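Okay, input-v2.txt is below, compact mmCIF, C-alpha atoms and all ligand atoms:
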```txt
# COMPACT_ATOMS: atom_id res chain seq x y z
CA MET Y 1 0.00 0.00 0.00
CA LYS Y 2 1.49 3.29 -1.11
CA ALA Y 3 0.16 6.63 0.10
CA LEU Y 4 0.90 10.09 -1.23
CA VAL Y 5 0.28 13.23 0.80
CA VAL Y 6 -0.06 16.36 -1.32
CA GLY Y 7 0.52 19.64 0.52
CA ALA Y 8 2.59 17.81 3.12
CA SER Y 9 4.44 20.98 4.11
CA GLY Y 10 1.21 22.26 5.70
CA TYR Y 11 -0.26 21.44 9.07
CA ALA Y 12 -2.98 19.01 7.97
CA GLY Y 13 -0.61 17.20 5.61
CA ALA Y 14 2.01 16.95 8.34
CA ASP Y 15 -0.45 15.26 10.68
CA ILE Y 16 -1.45 12.77 8.00
CA LEU Y 17 2.24 11.95 7.48
CA ARG Y 18 2.78 11.49 11.21
CA ILE Y 19 -0.11 9.00 11.36
CA LEU Y 20 0.72 7.11 8.15
CA LEU Y 21 4.33 6.54 9.21
CA ARG Y 22 3.04 4.30 12.01
CA HIS Y 23 0.18 2.73 10.04
CA GLU Y 24 0.65 -1.04 9.80
CA LYS Y 25 -1.00 -1.34 6.37
CA VAL Y 26 0.94 1.46 4.69
CA ASP Y 27 4.28 0.28 3.26
CA SER Y 28 5.39 3.50 1.68
CA VAL Y 29 4.57 7.18 2.10
CA GLU Y 30 5.53 10.07 -0.16
CA ALA Y 31 5.17 13.75 0.67
CA THR Y 32 4.81 16.54 -1.86
CA SER Y 33 5.59 20.22 -1.60
CA ARG Y 34 6.20 22.93 -4.18
CA ALA Y 35 8.20 25.14 -1.83
CA TYR Y 36 10.35 22.36 -0.29
CA GLU Y 37 10.73 19.96 -3.24
CA GLY Y 38 14.05 18.09 -2.96
CA LYS Y 39 14.54 19.04 0.69
CA PRO Y 40 14.33 16.57 3.60
CA VAL Y 41 10.86 16.21 5.10
CA SER Y 42 12.35 15.98 8.58
CA GLY Y 43 14.17 19.27 7.97
CA LEU Y 44 10.80 21.02 7.98
CA HIS Y 45 8.84 18.61 10.21
CA GLN Y 46 11.54 17.99 12.79
CA ASN Y 47 9.16 15.87 14.87
CA LEU Y 48 9.56 13.23 12.12
CA LYS Y 49 13.37 12.96 12.41
CA GLY Y 50 14.37 9.30 12.23
CA ALA Y 51 10.84 8.33 11.21
CA PHE Y 52 10.90 9.79 7.71
CA ASP Y 53 14.25 10.34 6.05
CA GLY Y 54 12.94 11.01 2.56
CA ASN Y 55 12.74 14.29 0.68
CA PHE Y 56 9.68 16.21 -0.41
CA ILE Y 57 8.87 15.47 -4.04
CA GLY Y 58 6.93 17.38 -6.67
CA PHE Y 59 3.38 16.31 -7.48
CA ASN Y 60 2.19 15.06 -10.82
CA ALA Y 61 -1.27 13.52 -10.83
CA ASP Y 62 -0.56 11.92 -14.20
CA LYS Y 63 2.50 10.03 -12.93
CA THR Y 64 1.98 9.05 -9.28
CA ASP Y 65 1.75 5.31 -8.64
CA ALA Y 66 0.17 5.69 -5.18
CA ASP Y 67 -2.86 3.63 -4.19
CA VAL Y 68 -4.34 6.51 -2.22
CA VAL Y 69 -3.75 10.25 -2.44
CA PHE Y 70 -4.53 12.68 0.37
CA LEU Y 71 -5.03 16.20 -0.94
CA ALA Y 72 -4.17 18.61 1.88
CA ILE Y 73 -4.19 21.70 -0.31
CA PRO Y 74 -6.54 24.68 -0.62
CA HIS Y 75 -10.02 24.56 -2.13
CA GLY Y 76 -9.99 25.35 -5.84
CA GLU Y 77 -6.69 23.44 -6.17
CA SER Y 78 -8.02 19.98 -5.26
CA MET Y 79 -10.62 20.09 -8.02
CA GLN Y 80 -7.79 20.46 -10.56
CA GLN Y 81 -6.25 17.16 -9.43
CA VAL Y 82 -9.15 14.90 -8.41
CA PRO Y 83 -10.51 14.04 -11.90
CA LYS Y 84 -7.03 13.01 -13.11
CA LEU Y 85 -6.43 10.81 -10.07
CA LEU Y 86 -9.82 9.09 -10.28
CA GLU Y 87 -9.35 8.47 -13.98
CA ARG Y 88 -6.16 6.60 -13.15
CA GLY Y 89 -7.98 4.41 -10.60
CA ILE Y 90 -6.45 6.09 -7.55
CA LYS Y 91 -8.60 6.58 -4.46
CA VAL Y 92 -8.68 10.11 -3.08
CA VAL Y 93 -9.31 11.67 0.31
CA ASP Y 94 -9.67 15.40 -0.28
CA LEU Y 95 -9.26 17.62 2.75
CA SER Y 96 -10.34 20.75 0.92
CA ALA Y 97 -13.94 21.92 0.67
CA ASP Y 98 -14.19 21.17 -3.06
CA TYR Y 99 -16.47 18.14 -2.87
CA ARG Y 100 -18.13 18.59 0.53
CA ILE Y 101 -21.19 20.47 -0.72
CA ASN Y 102 -22.81 18.63 -3.62
CA ASP Y 103 -24.74 21.70 -4.75
CA GLN Y 104 -22.85 23.69 -7.34
CA ALA Y 105 -24.64 27.02 -6.83
CA LEU Y 106 -24.21 26.83 -3.06
CA TYR Y 107 -20.53 25.87 -3.38
CA GLU Y 108 -19.84 28.68 -5.83
CA ARG Y 109 -21.62 31.24 -3.61
CA TYR Y 110 -19.01 30.65 -0.89
CA TYR Y 111 -15.96 29.42 -2.82
CA VAL Y 112 -14.95 29.58 -6.47
CA LYS Y 113 -16.26 28.34 -9.82
CA HIS Y 114 -16.29 24.55 -9.78
CA THR Y 115 -14.59 22.77 -12.66
CA SER Y 116 -15.81 19.20 -11.99
CA PRO Y 117 -19.31 19.38 -10.50
CA ASN Y 118 -20.04 16.08 -12.29
CA LEU Y 119 -18.15 14.40 -9.42
CA PHE Y 120 -20.58 15.69 -6.76
CA LYS Y 121 -22.76 12.63 -7.42
CA GLU Y 122 -20.09 10.22 -6.34
CA ALA Y 123 -18.15 12.17 -3.71
CA VAL Y 124 -19.00 10.91 -0.22
CA TYR Y 125 -18.94 13.18 2.81
CA GLY Y 126 -16.31 11.61 5.04
CA LEU Y 127 -17.92 11.61 8.45
CA PRO Y 128 -17.70 7.90 9.29
CA GLU Y 129 -20.09 8.04 12.24
CA LEU Y 130 -22.88 9.12 9.89
CA PHE Y 131 -21.91 7.84 6.42
CA ARG Y 132 -19.78 4.74 7.05
CA GLU Y 133 -21.36 2.40 4.51
CA LYS Y 134 -21.06 4.93 1.67
CA ILE Y 135 -17.44 5.70 2.57
CA LYS Y 136 -16.56 2.00 2.33
CA LYS Y 137 -17.57 2.02 -1.36
CA ALA Y 138 -16.20 5.45 -2.27
CA ARG Y 139 -13.40 6.37 -4.67
CA LEU Y 140 -13.58 10.01 -3.61
CA VAL Y 141 -14.10 11.06 -0.01
CA ALA Y 142 -14.60 14.71 0.89
CA ASN Y 143 -13.07 14.96 4.34
CA PRO Y 144 -15.25 17.30 6.43
CA GLY Y 145 -14.16 20.72 7.64
CA CYS Y 146 -12.99 20.97 11.23
CA TYR Y 147 -15.82 23.13 12.57
CA PRO Y 148 -18.41 21.07 10.63
CA THR Y 149 -17.07 17.82 12.13
CA ALA Y 150 -17.66 19.15 15.63
CA ALA Y 151 -20.97 20.86 14.89
CA ILE Y 152 -22.54 18.08 12.80
CA LEU Y 153 -21.67 15.32 15.27
CA SER Y 154 -23.26 17.44 18.02
CA LEU Y 155 -26.48 18.16 16.14
CA ALA Y 156 -27.28 15.12 13.96
CA PRO Y 157 -28.72 13.11 16.90
CA LEU Y 158 -31.36 15.84 17.38
CA GLY Y 159 -32.94 14.67 14.13
CA ALA Y 160 -34.99 12.33 16.34
CA PHE Y 161 -36.65 15.43 17.86
CA LYS Y 162 -36.95 17.55 14.74
CA ASP Y 163 -40.61 18.27 15.46
CA LYS Y 164 -39.91 19.44 19.00
CA ILE Y 165 -37.13 21.92 18.27
CA ASP Y 166 -37.06 25.31 16.56
CA ALA Y 167 -34.85 24.19 13.69
CA SER Y 168 -34.95 27.64 12.13
CA LYS Y 169 -32.86 29.25 14.87
CA VAL Y 170 -30.01 26.91 15.74
CA VAL Y 171 -26.91 28.77 16.91
CA VAL Y 172 -23.41 27.29 16.74
CA ASP Y 173 -20.86 29.34 18.64
CA ALA Y 174 -17.48 27.70 18.12
CA LYS Y 175 -13.88 28.38 19.04
CA SER Y 176 -10.73 27.17 17.34
CA GLY Y 177 -7.01 27.04 17.97
CA THR Y 178 -4.68 28.77 15.53
CA SER Y 179 -3.54 25.67 13.61
CA GLY Y 180 -6.99 25.70 11.98
CA ALA Y 181 -5.74 28.51 9.75
CA GLY Y 182 -2.81 26.51 8.37
CA VAL Y 183 0.88 27.25 8.26
CA LYS Y 184 0.82 30.51 6.33
CA ALA Y 185 2.12 33.58 8.16
CA GLU Y 186 -0.38 36.39 8.68
CA THR Y 187 -0.37 39.19 11.25
CA PHE Y 188 -3.85 38.17 12.43
CA TYR Y 189 -2.51 34.80 13.65
CA MET Y 190 0.79 36.00 15.13
CA HIS Y 191 1.57 35.05 18.72
CA THR Y 192 1.46 38.71 19.72
CA GLU Y 193 -2.05 39.07 18.33
CA VAL Y 194 -3.49 35.78 19.56
CA ASP Y 195 -1.90 35.04 22.91
CA GLU Y 196 -3.92 36.18 25.93
CA ASN Y 197 -6.66 37.08 23.53
CA LEU Y 198 -9.95 35.71 22.23
CA LYS Y 199 -11.14 37.22 19.00
CA ILE Y 200 -14.13 36.71 16.82
CA TYR Y 201 -13.68 36.48 13.05
CA LYS Y 202 -16.15 36.11 10.20
CA PRO Y 203 -19.17 36.41 12.56
CA VAL Y 204 -21.41 36.34 9.48
CA GLY Y 205 -21.02 34.24 6.35
CA HIS Y 206 -18.20 31.88 7.36
CA ARG Y 207 -17.72 29.19 4.72
CA HIS Y 208 -18.37 26.36 7.14
CA GLN Y 209 -21.94 27.50 7.78
CA PRO Y 210 -23.36 26.18 4.46
CA GLU Y 211 -21.45 22.92 4.91
CA ILE Y 212 -22.90 22.39 8.39
CA GLU Y 213 -26.43 23.17 7.19
CA HIS Y 214 -26.14 21.20 3.95
CA ILE Y 215 -25.17 17.98 5.74
CA LEU Y 216 -27.54 18.45 8.68
CA LYS Y 217 -30.52 18.89 6.35
CA GLY Y 218 -30.33 15.12 5.89
CA PHE Y 219 -31.20 14.77 9.59
CA ILE Y 220 -33.18 17.95 10.33
CA PRO Y 221 -34.65 19.06 6.98
CA LYS Y 222 -35.70 22.56 8.09
CA ILE Y 223 -32.49 23.42 9.89
CA SER Y 224 -30.99 26.88 9.62
CA VAL Y 225 -27.71 27.36 11.45
CA SER Y 226 -26.24 30.66 12.58
CA PHE Y 227 -22.54 30.05 12.96
CA THR Y 228 -19.89 32.24 14.59
CA PRO Y 229 -16.24 31.29 15.06
CA THR Y 230 -13.79 32.67 17.60
CA LEU Y 231 -10.02 32.30 17.62
CA MET Y 232 -8.56 30.91 20.85
CA PRO Y 233 -4.97 31.27 22.10
CA ILE Y 234 -4.28 27.54 21.79
CA ILE Y 235 -2.66 25.63 18.94
CA ARG Y 236 -4.97 22.64 18.55
CA GLY Y 237 -8.61 22.22 19.40
CA ILE Y 238 -12.17 23.18 18.61
CA LEU Y 239 -14.93 23.67 21.14
CA SER Y 240 -18.36 24.02 19.58
CA ASN Y 241 -21.41 25.11 21.58
CA ALA Y 242 -24.68 24.41 19.77
CA HIS Y 243 -27.77 26.12 21.19
CA VAL Y 244 -31.11 24.58 20.22
CA PHE Y 245 -34.44 25.89 21.47
CA GLY Y 246 -37.44 23.63 22.02
CA ASP Y 247 -39.32 21.81 24.73
CA LEU Y 248 -37.23 18.68 25.29
CA SER Y 249 -38.24 18.33 28.95
CA SER Y 250 -39.79 14.90 28.33
CA VAL Y 251 -36.59 13.61 26.75
CA ASP Y 252 -33.52 12.11 28.40
CA LEU Y 253 -31.12 13.85 26.05
CA ARG Y 254 -27.94 12.39 27.41
CA SER Y 255 -29.23 8.81 27.12
CA HIS Y 256 -30.35 9.58 23.60
CA PHE Y 257 -26.85 10.73 22.63
CA GLU Y 258 -25.30 7.73 24.39
CA LYS Y 259 -27.52 5.37 22.42
CA PHE Y 260 -26.97 7.23 19.14
CA TYR Y 261 -23.21 6.85 19.46
CA GLN Y 262 -23.02 3.62 21.46
CA LYS Y 263 -21.24 1.70 18.69
CA GLU Y 264 -18.87 4.53 17.81
CA GLY Y 265 -15.26 4.23 18.90
CA TYR Y 266 -14.45 7.91 18.47
CA VAL Y 267 -17.44 9.71 19.94
CA ARG Y 268 -17.62 9.86 23.71
CA VAL Y 269 -20.52 11.35 25.64
CA VAL Y 270 -18.98 13.08 28.64
CA ASP Y 271 -20.04 15.39 31.47
CA ALA Y 272 -18.33 18.52 30.17
CA ALA Y 273 -16.54 18.48 26.82
CA CYS Y 274 -13.19 20.28 26.64
CA THR Y 275 -10.38 20.49 24.10
CA LYS Y 276 -7.66 19.16 26.42
CA ASN Y 277 -9.31 15.76 26.76
CA VAL Y 278 -9.23 15.11 23.01
CA SER Y 279 -5.89 16.72 22.20
CA HIS Y 280 -3.75 14.78 19.66
CA SER Y 281 -6.48 12.14 19.35
CA ASN Y 282 -9.24 11.20 16.95
CA PHE Y 283 -11.94 11.52 19.61
CA CYS Y 284 -14.91 13.83 19.53
CA ASP Y 285 -16.21 14.42 23.06
CA ILE Y 286 -19.79 15.59 23.40
CA SER Y 287 -21.57 16.89 26.49
CA VAL Y 288 -25.30 17.38 26.56
CA HIS Y 289 -27.01 20.02 28.71
CA TYR Y 290 -30.61 21.18 28.99
CA ASP Y 291 -31.84 24.46 30.43
CA ALA Y 292 -35.46 23.68 31.42
CA GLU Y 293 -36.29 27.28 32.24
CA LYS Y 294 -35.25 28.59 28.83
CA LYS Y 295 -36.19 25.36 27.00
CA ARG Y 296 -32.72 25.31 25.46
CA ALA Y 297 -30.45 22.35 24.73
CA ILE Y 298 -26.74 23.13 24.73
CA ILE Y 299 -24.70 20.48 22.96
CA VAL Y 300 -20.98 20.97 23.38
CA SER Y 301 -18.45 19.12 21.26
CA ALA Y 302 -14.67 19.10 21.37
CA ILE Y 303 -12.19 17.79 18.79
CA ASP Y 304 -8.55 18.22 17.86
CA ASN Y 305 -8.93 20.11 14.58
CA LEU Y 306 -5.81 18.48 13.09
CA VAL Y 307 -6.81 14.92 14.02
CA LYS Y 308 -10.59 14.29 14.09
CA GLY Y 309 -10.95 17.61 12.25
CA ALA Y 310 -8.43 16.72 9.51
CA GLY Y 311 -5.67 14.06 9.35
CA GLY Y 312 -7.04 11.47 11.79
CA GLN Y 313 -10.44 11.48 10.14
CA ALA Y 314 -8.76 11.33 6.72
CA VAL Y 315 -6.96 8.12 7.75
CA GLN Y 316 -10.18 6.79 9.36
CA ASN Y 317 -11.77 7.28 5.92
CA MET Y 318 -8.86 5.61 4.14
CA ASN Y 319 -9.19 2.63 6.49
CA LEU Y 320 -12.85 2.27 5.56
CA MET Y 321 -12.20 2.73 1.81
CA PHE Y 322 -9.56 -0.04 1.85
CA GLY Y 323 -11.34 -2.42 4.24
CA TYR Y 324 -8.79 -2.04 7.06
CA GLY Y 325 -9.74 -1.94 10.73
CA GLU Y 326 -11.26 1.51 11.20
CA SER Y 327 -8.96 2.47 14.06
CA THR Y 328 -5.72 1.31 12.42
CA GLY Y 329 -3.06 3.97 12.99
CA ILE Y 330 -5.39 6.38 14.79
CA ASP Y 331 -5.98 4.75 18.14
CA ALA Y 332 -3.67 7.02 20.15
CA LEU Y 333 -5.14 8.27 23.41
CA PRO Y 334 -5.40 12.02 24.04
CA HIS Y 335 -2.51 13.84 25.73
CA HIS Y 336 -2.82 15.08 29.30
CA PRO Y 337 -2.01 17.44 30.92
N1 LIG Y 401 -5.74 23.19 9.50
C1 LIG Y 401 -6.86 22.54 9.82
O1 LIG Y 401 -7.22 22.42 11.00
C2 LIG Y 401 -7.72 21.94 8.74
C3 LIG Y 401 -8.82 21.17 9.15
C4 LIG Y 401 -9.66 20.61 8.18
C5 LIG Y 401 -9.40 20.82 6.84
N2 LIG Y 401 -8.34 21.58 6.48
C6 LIG Y 401 -8.13 21.77 5.02
O2 LIG Y 401 -6.96 21.05 4.65
C7 LIG Y 401 -6.29 21.73 3.58
C8 LIG Y 401 -4.87 22.05 4.04
O3 LIG Y 401 -4.98 22.87 5.19
P1 LIG Y 401 -3.73 23.26 6.09
O4 LIG Y 401 -4.27 23.88 7.30
O5 LIG Y 401 -2.79 22.13 6.17
O6 LIG Y 401 -3.10 24.40 5.17
P2 LIG Y 401 -1.58 24.84 5.10
O7 LIG Y 401 -0.91 24.60 6.41
O8 LIG Y 401 -1.61 26.23 4.54
O9 LIG Y 401 -0.94 23.85 4.05
C9 LIG Y 401 -1.40 23.71 2.74
C10 LIG Y 401 -0.24 23.33 1.86
O10 LIG Y 401 -0.73 23.26 0.53
C11 LIG Y 401 0.25 23.77 -0.36
N3 LIG Y 401 -0.39 24.77 -1.20
C12 LIG Y 401 -0.74 26.03 -0.88
N4 LIG Y 401 -1.31 26.65 -1.91
C13 LIG Y 401 -1.32 25.75 -2.93
C14 LIG Y 401 -1.77 25.78 -4.25
N5 LIG Y 401 -2.29 26.89 -4.78
N6 LIG Y 401 -1.63 24.65 -5.01
C15 LIG Y 401 -1.09 23.53 -4.49
N7 LIG Y 401 -0.62 23.46 -3.23
C16 LIG Y 401 -0.75 24.54 -2.46
C17 LIG Y 401 1.34 24.43 0.43
O11 LIG Y 401 2.51 23.66 0.30
P3 LIG Y 401 3.69 24.03 -0.73
O12 LIG Y 401 3.65 25.51 -0.98
O13 LIG Y 401 4.92 23.58 0.02
O14 LIG Y 401 3.40 23.20 -1.92
C18 LIG Y 401 0.86 24.40 1.86
O15 LIG Y 401 1.88 24.04 2.79
C19 LIG Y 401 -7.13 23.00 3.29
O16 LIG Y 401 -7.99 22.75 2.22
C20 LIG Y 401 -7.90 23.20 4.59
O17 LIG Y 401 -9.11 23.88 4.39
C21 LIG Y 401 -7.48 22.13 7.38
```
I need this file expressed as structure tokens, please.
Amino acid sequence: MKALVVGASGYAGADILRILLRHEKVDSVEATSRAYEGKPVSGLHQNLKGAFDGNFIGFNADKTDADVVFLAIPHGESMQQVPKLLERGIKVVDLSADYRINDQALYERYYVKHTSPNLFKEAVYGLPELFREKIKKARLVANPGCYPTAAILSLAPLGAFKDKIDASKVVVDAKSGTSGAGVKAETFYMHTEVDENLKIYKPVGHRHQPEIEHILKGFIPKISVSFTPTLMPIIRGILSNAHVFGDLSSVDLRSHFEKFYQKEGYVRVVDAACTKNVSHSNFCDISVHYDAEKKRAIIVSAIDNLVKGAGGQAVQNMNLMFGYGESTGIDALPHHP
């Protein structure tokens, strides 16, 4: 089994590399970069010293002999590569947003003109807890966004109560660590601007809002999500608070969530979700709260944006696509403290 990670100089690509290098089914891993082509991978990713002694290579979709390609590059770029890879019989896990929303007009409203919308029909949204059987048969998996992973896992179980909740006014107030923005240097993400600071960004119209809504409509057809992200002074982690109004007083919400996810290895229903308890792991922790006075459910979810929100979930998807044990290579426990 040969895997190729495209965009491996970035943060998501680096985490995929880290996981694949210890994956028992993967015999060979290659890492591409335009900026670092020909240079040692462990020169840039010094955490991989001794584990990966190869150099970054250039990427050519017409020549690679990999069995699976992870595209950890920006939206708009993946769509240039995916058709060529599929044509050559190579399975693809795309970490960009290019195939997550299978509605061309909606995608183009938030992103760019799509050049291969014909592939929307076959691209599978890579959230294994909700779409496992489809992922197993997929050639092209659209790995979910980091905020959407947290928000969708926290809200999909409420589909069972869609007639009891006010689906038109669901609020997702989420916070992310700085690695969510990738490796590029920008003043906004500098240590001096982020440390000892919490700052809101894109309070209206963030690109993850349509993705969250689009997928959740399969569970709560009338859902409308108002989404606001905040940047936190941590490196890894997303904490998503979903506020849902409706009279759920007759429902044991926590038991419902426990039952919904009882067979899932990576979703844990906990007392109070926090980023620390999932750090460096593929877990999504969810805590379920109900304010009887305000008739408001608060569903809190926590993930590591680079693992369950990116590289870990990408490998979970690869495992399903190739018939490997789903937890192969991604069963590390969270770090603490
Ligand atoms: N960071 C997260 O938490 C996270 C979570 C979920 C999904 N994602 C998605 O995963 C993808 C990668 O994110 P990231 O955070 O790893 O970004 P990143 O740190 O900026 O890395 C992306 C890499 O892609 C390459 N690249 C940049 N522009 C390119 C272009 N025009 N064409 C081809 N390659 C290009 C760059 O490598 P070279 O210049 O060396 O080639 C860069 O290092 C994005 O689509 C992002 O939305 C990220």
So that I can see what lies close to segment 262-272 of chain Y, please list as a compact mmCIF listing (two decimals) with C-alpha atoms, in the frame of the given file the residues with an atom at most 12 Å from it, counting all atoms listed in the file and leaving out residues fewer than 3 positions away in the same chain.
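Contents of part.txt, freshly written:
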```
# COMPACT_ATOMS: atom_id res chain seq x y z
CA LEU Y 127 -17.92 11.61 8.45
CA PRO Y 128 -17.70 7.90 9.29
CA GLU Y 129 -20.09 8.04 12.24
CA LEU Y 130 -22.88 9.12 9.89
CA ARG Y 132 -19.78 4.74 7.05
CA THR Y 149 -17.07 17.82 12.13
CA ALA Y 150 -17.66 19.15 15.63
CA LEU Y 153 -21.67 15.32 15.27
CA SER Y 154 -23.26 17.44 18.02
CA PRO Y 157 -28.72 13.11 16.90
CA LEU Y 239 -14.93 23.67 21.14
CA SER Y 240 -18.36 24.02 19.58
CA ASN Y 241 -21.41 25.11 21.58
CA LEU Y 253 -31.12 13.85 26.05
CA ARG Y 254 -27.94 12.39 27.41
CA SER Y 255 -29.23 8.81 27.12
CA HIS Y 256 -30.35 9.58 23.60
CA PHE Y 257 -26.85 10.73 22.63
CA GLU Y 258 -25.30 7.73 24.39
CA LYS Y 259 -27.52 5.37 22.42
CA THR Y 275 -10.38 20.49 24.10
CA LYS Y 276 -7.66 19.16 26.42
CA ASN Y 277 -9.31 15.76 26.76
CA VAL Y 278 -9.23 15.11 23.01
CA SER Y 281 -6.48 12.14 19.35
CA ASN Y 282 -9.24 11.20 16.95
CA PHE Y 283 -11.94 11.52 19.61
CA CYS Y 284 -14.91 13.83 19.53
CA ASP Y 285 -16.21 14.42 23.06
CA ILE Y 286 -19.79 15.59 23.40
CA SER Y 287 -21.57 16.89 26.49
CA VAL Y 288 -25.30 17.38 26.56
CA HIS Y 289 -27.01 20.02 28.71
CA ILE Y 298 -26.74 23.13 24.73
CA ILE Y 299 -24.70 20.48 22.96
CA VAL Y 300 -20.98 20.97 23.38
CA SER Y 301 -18.45 19.12 21.26
CA ALA Y 302 -14.67 19.10 21.37
CA ILE Y 303 -12.19 17.79 18.79
CA ASP Y 304 -8.55 18.22 17.86
CA VAL Y 307 -6.81 14.92 14.02
CA LYS Y 308 -10.59 14.29 14.09
CA GLY Y 312 -7.04 11.47 11.79
CA GLN Y 313 -10.44 11.48 10.14
CA GLN Y 316 -10.18 6.79 9.36
CA GLY Y 325 -9.74 -1.94 10.73
CA GLU Y 326 -11.26 1.51 11.20
CA SER Y 327 -8.96 2.47 14.06
CA THR Y 328 -5.72 1.31 12.42
CA ILE Y 330 -5.39 6.38 14.79
CA ASP Y 331 -5.98 4.75 18.14
CA ALA Y 332 -3.67 7.02 20.15
CA LEU Y 333 -5.14 8.27 23.41
CA PRO Y 334 -5.40 12.02 24.04
```
Dump the neighbourhood of ligand LIG 401 (chain Y) as a ChimeraX atom specification: all residues within 7 Å, distances computed on only C-alpha atoms and all ligand atoms. /Y:7-13,32-36,72-75,77,95-97,144-146,179-184,305-306,309-310
Show me as a PDB file with C-alpha atoms, keeping the file's coordinate frame the residues that reach within 10 Å of (-20.0, 27.2, 11.8), counting all atoms listed in the file and using the file's own coordinates.
```pdb
ATOM      1  CA  GLY Y 145     -14.160  20.720   7.640  1.00  0.00           C
ATOM      2  CA  CYS Y 146     -12.990  20.970  11.230  1.00  0.00           C
ATOM      3  CA  TYR Y 147     -15.820  23.130  12.570  1.00  0.00           C
ATOM      4  CA  PRO Y 148     -18.410  21.070  10.630  1.00  0.00           C
ATOM      5  CA  THR Y 149     -17.070  17.820  12.130  1.00  0.00           C
ATOM      6  CA  ALA Y 150     -17.660  19.150  15.630  1.00  0.00           C
ATOM      7  CA  ALA Y 151     -20.970  20.860  14.890  1.00  0.00           C
ATOM      8  CA  ILE Y 152     -22.540  18.080  12.800  1.00  0.00           C
ATOM      9  CA  VAL Y 171     -26.910  28.770  16.910  1.00  0.00           C
ATOM     10  CA  VAL Y 172     -23.410  27.290  16.740  1.00  0.00           C
ATOM     11  CA  ASP Y 173     -20.860  29.340  18.640  1.00  0.00           C
ATOM     12  CA  ALA Y 174     -17.480  27.700  18.120  1.00  0.00           C
ATOM     13  CA  LYS Y 175     -13.880  28.380  19.040  1.00  0.00           C
ATOM     14  CA  LYS Y 202     -16.150  36.110  10.200  1.00  0.00           C
ATOM     15  CA  PRO Y 203     -19.170  36.410  12.560  1.00  0.00           C
ATOM     16  CA  VAL Y 204     -21.410  36.340   9.480  1.00  0.00           C
ATOM     17  CA  GLY Y 205     -21.020  34.240   6.350  1.00  0.00           C
ATOM     18  CA  HIS Y 206     -18.200  31.880   7.360  1.00  0.00           C
ATOM     19  CA  ARG Y 207     -17.720  29.190   4.720  1.00  0.00           C
ATOM     20  CA  HIS Y 208     -18.370  26.360   7.140  1.00  0.00           C
ATOM     21  CA  GLN Y 209     -21.940  27.500   7.780  1.00  0.00           C
ATOM     22  CA  PRO Y 210     -23.360  26.180   4.460  1.00  0.00           C
ATOM     23  CA  GLU Y 211     -21.450  22.920   4.910  1.00  0.00           C
ATOM     24  CA  ILE Y 212     -22.900  22.390   8.390  1.00  0.00           C
ATOM     25  CA  GLU Y 213     -26.430  23.170   7.190  1.00  0.00           C
ATOM     26  CA  VAL Y 225     -27.710  27.360  11.450  1.00  0.00           C
ATOM     27  CA  SER Y 226     -26.240  30.660  12.580  1.00  0.00           C
ATOM     28  CA  PHE Y 227     -22.540  30.050  12.960  1.00  0.00           C
ATOM     29  CA  THR Y 228     -19.890  32.240  14.590  1.00  0.00           C
ATOM     30  CA  PRO Y 229     -16.240  31.290  15.060  1.00  0.00           C
ATOM     31  CA  SER Y 240     -18.360  24.020  19.580  1.00  0.00           C
ATOM     32  CA  ALA Y 242     -24.680  24.410  19.770  1.00  0.00           C
TER      33      ALA Y 242
END
```
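Going from atom CA of Lys217 of chain Y to atom CA of Ser279 of chain Y covers 29.4 Å.
Residues in contact range of segment 188-192 of chain Y, defined as at most 9 Å between all atoms listed in the file, with sequence neighbours fewer than 4 positions away removed, read Thr178, Ala181, Glu196, Leu231 and Pro233 of chain Y.
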Go ahead and write the residues just picked, C-alpha atoms, as a PDB file, in the frame of the given file.
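Output below, filename out.pdb:
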```
ATOM      1  CA  THR Y 178      -4.680  28.770  15.530  1.00  0.00           C
ATOM      2  CA  ALA Y 181      -5.740  28.510   9.750  1.00  0.00           C
ATOM      3  CA  GLU Y 196      -3.920  36.180  25.930  1.00  0.00           C
ATOM      4  CA  LEU Y 231     -10.020  32.300  17.620  1.00  0.00           C
ATOM      5  CA  PRO Y 233      -4.970  31.270  22.100  1.00  0.00           C
TER       6      PRO Y 233
END
```
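Counting from atom CA of Ala156 of chain Y, the distance to atom CA of Arg139 of chain Y is 24.8 Å.
The gap separating atom CA of Val93 of chain Y from atom CA of Leu71 of chain Y is 6.4 Å, in Å to one decimal.
Comparing the minimum interatomic distances between Val124 of chain Y and each of Y:Pro337, Y:Met321, Y:Val5, Y:Tyr290, counting only C-alpha atoms, we find that Y:Met321 sits nearest.
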Tell me, as a PyMOL selection string, which residues lie within 12 Å of Lys84 of chain Y, counting all atoms listed in the file; anything in the same chain fewer than 2 positions away does not count. chain Y and resi 60-64+69+78-82+86-92+116+119+140
Near Lys39 of chain Y, counting only C-alpha atoms, which residues have an atom at most 9 Å away, once you skip same-chain residues fewer than 5 positions from it, shown as an NGL selection string? :Y and (44 or 54-57)
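With distances restricted to all atoms listed in the file, Y:Ser176 is the closest residue to Gly237 of chain Y from Y:Lys294, Y:Ser176, Y:Arg18, Y:Gly58.
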Pro221 of chain Y environment, 9 Å, all atoms listed in the file, sequence neighbours closer than 6 positions dropped, as number ranges by chain: Y: 159, 162, 167
